[in-house]
Amino acid sequence: MLPSFRRWVHFRLLAASGAFTAASSVAAFLGNRSAQKVMEVSQNTCHYIGLDKVTQKDMMTSSPDPNLRRLSTPCRLQDIDAFLSHSWHDPPLAKWEALQAWRRSFKAQHQREPRLWIDKYCIDQENIEASLMCLPVFLASCHTLLIIAGETYFDRLWCVEEVFVYLQMSRSIDSIELLPICSDMDERIQTFDAQAAQCFKDRDRQRLLATIEAGCGDFESFNADVQDALMHALKKSRWAFGA
């Protein structure tokens with residue numbers, strides 16, 4: 001099956017399964033917009049960044065730079081290879097090295113640069129609220145959830161929310177790739193508790209926790225789902241990168 005046709009099939013299956021409906025509903029709850037409006041905005045503002053345009057310097061800090069979005073490319077929702085989920089509080093050099101290792105593996109398999117959704121490059125800094133509102137839909141459209149996780153990853157509720165949205169779409173756990181950058185990732189996954197994660201704003205924390213509880217029924221079930229999915233991804237990562 002040709003890659004372009006696989007992408008089309010993937011996109012149609014997501015639509016048929018209601019994945020985009022679920023994602024846009026989460027986004028609507030977070031952004032106080034209708035799900036239909038969220039989908040419309042998402043389709044009109046979706047961008048990816050070619051990994052060859054991402055620099056180590058830009059990934060060293062979370063400081064926004066509106067000029068970086070000019071490096072990204074407008075695209076259809078189904079055109080993004082991977083959504084990068086990471087914590088800006090984790091060591092930047094270790095994250096960069098992990099990202100480059102993943103890039104080399106992707107290029108060896110696909111013979112091209114990967115197309116990623118990375119917050120610093122793909123969020124419209126002049127309209128941050130709309131970009132964040134659409135984040136669940138952008139995540140739903142990606143073929144892979146690429147997690148680079150260090151000591152602070154599970155402490156950041158936005159990171160946890162990204163995992164939640166991905167699992168809510170009933171996506172195969174094989175499409176989650178986890179690159180650990182700390183030595184005790186097994187323990188961190190096994191002791192993961194969504195309620196212990198934090199946000200800069202308490203209002204955002206309450207809203208994000210509410211979406212998780214509403215979607216899963218209780219936090220214990222969600223914690224168990226995350227632990228199962230990420231332990232599977234961790235074992236696969238160790239095999240792929242020889243860790």
# chains A, B, ... in the order shown; residues from 1 in each chain; ligands from 1

call {"tool": "select_by_dssp", "arguments": {"residues": "segment 16-239 of chain A", "states": "alpha helix (DSSP H)", "output": "JSON, numbers by chain"}}
result
{"A": [16, 17, 19, 20, 21, 22, 23, 24, 25, 26, 27, 28, 29, 30, 31, 35, 36, 37, 38, 39, 40, 41, 42, 43, 44, 45, 92, 93, 94, 95, 96, 97, 98, 99, 100, 101, 102, 103, 104, 105, 106, 107, 108, 109, 110, 119, 120, 121, 122, 128, 129, 130, 131, 132, 133, 134, 135, 136, 137, 138, 139, 140, 141, 157, 158, 159, 160, 161, 162, 163, 164, 165, 166, 167, 168, 185, 186, 187, 188, 189, 190, 202, 203, 204, 205, 206, 207, 208, 209, 210, 211, 212, 213, 214, 215, 216, 219, 220, 221, 222, 223, 224, 225, 226, 227, 228, 229, 230, 231, 232, 233, 234, 235, 236, 237, 238, 239]}

call {"tool": "closest_atom_pairs", "arguments": {"of": "segment 101-209 of chain A", "to": "segment 219-239 of chain A", "cutoff": "6 Å", "atoms": "only C-alpha atoms", "output": "tab-separated table"}}
result
residue	atom	partner	partner_atom	distance
A:Ile173	CA	A:Ala229	CA	5.7
A:Glu177	CA	A:Ala233	CA	5.6
A:Leu178	CA	A:Ala233	CA	5.5
A:Ile189	CA	A:Gln227	CA	5.5
A:Gln190	CA	A:Gln227	CA	5.9
A:Asp193	CA	A:Asn223	CA	5.9

call {"tool": "atom_distance", "arguments": {"atom1": "atom CA of Ala82 of chain A", "atom2": "atom CA of Ile128 of chain A"}}
result
20.7 Å

call {"tool": "atom_distance", "arguments": {"atom1": "atom CA of Ser172 of chain A", "atom2": "atom CA of Pro136 of chain A"}}
result
17.0 Å

call {"tool": "atom_distance", "arguments": {"atom1": "atom CA of Ile123 of chain A", "atom2": "atom CA of Leu208 of chain A"}}
result
19.2 Å

call {"tool": "residues_around", "arguments": {"residues": "segment 44-61 of chain A", "least_positions_apart": "3", "cutoff": "6 Å", "atoms": "only C-alpha atoms", "output": "PyMOL selection string"}}
result
chain A and resi 41+72-75+92+114-117+122

call {"tool": "closest_residue", "arguments": {"among": "A:Ser141, A:Thr211, A:Ser87, A:Thr191", "to": "Ser62 of chain A", "atoms": "only C-alpha atoms"}}
result
A:Ser87

call {"tool": "select_by_dssp", "arguments": {"residues": "segment 55-87 of chain A", "states": "strand (DSSP E)", "output": "list in words"}}
result
Thr73, Pro74, Ala82, Phe83, Leu84, Ser85 and His86 of chain A

call {"tool": "write_last_selection", "arguments": {"atoms": "C-alpha atoms", "output": "CSV table (one decimal), in the first residue's frame"}}
result
chain,number,residue,atom,x,y,z
A,73,THR,CA,4.3,24.3,6.7
A,74,PRO,CA,0.4,24.5,6.5
A,82,ALA,CA,4.3,12.5,14.9
A,83,PHE,CA,3.1,14.7,17.7
A,84,LEU,CA,6.0,15.5,20.0
A,85,SER,CA,5.0,15.3,23.7
A,86,HIS,CA,7.6,16.5,26.1

call {"tool": "residues_around", "arguments": {"residues": "Ala196 of chain A", "least_positions_apart": "4", "cutoff": "9 Å", "atoms": "only C-alpha atoms", "output": "ChimeraX atom specification"}}
result
/A:154-157,192

call {"tool": "closest_residue", "arguments": {"among": "A:Leu146, A:Ala140, A:Ile181, A:Leu77", "to": "Met169 of chain A", "atoms": "only C-alpha atoms"}}
result
A:Ala140
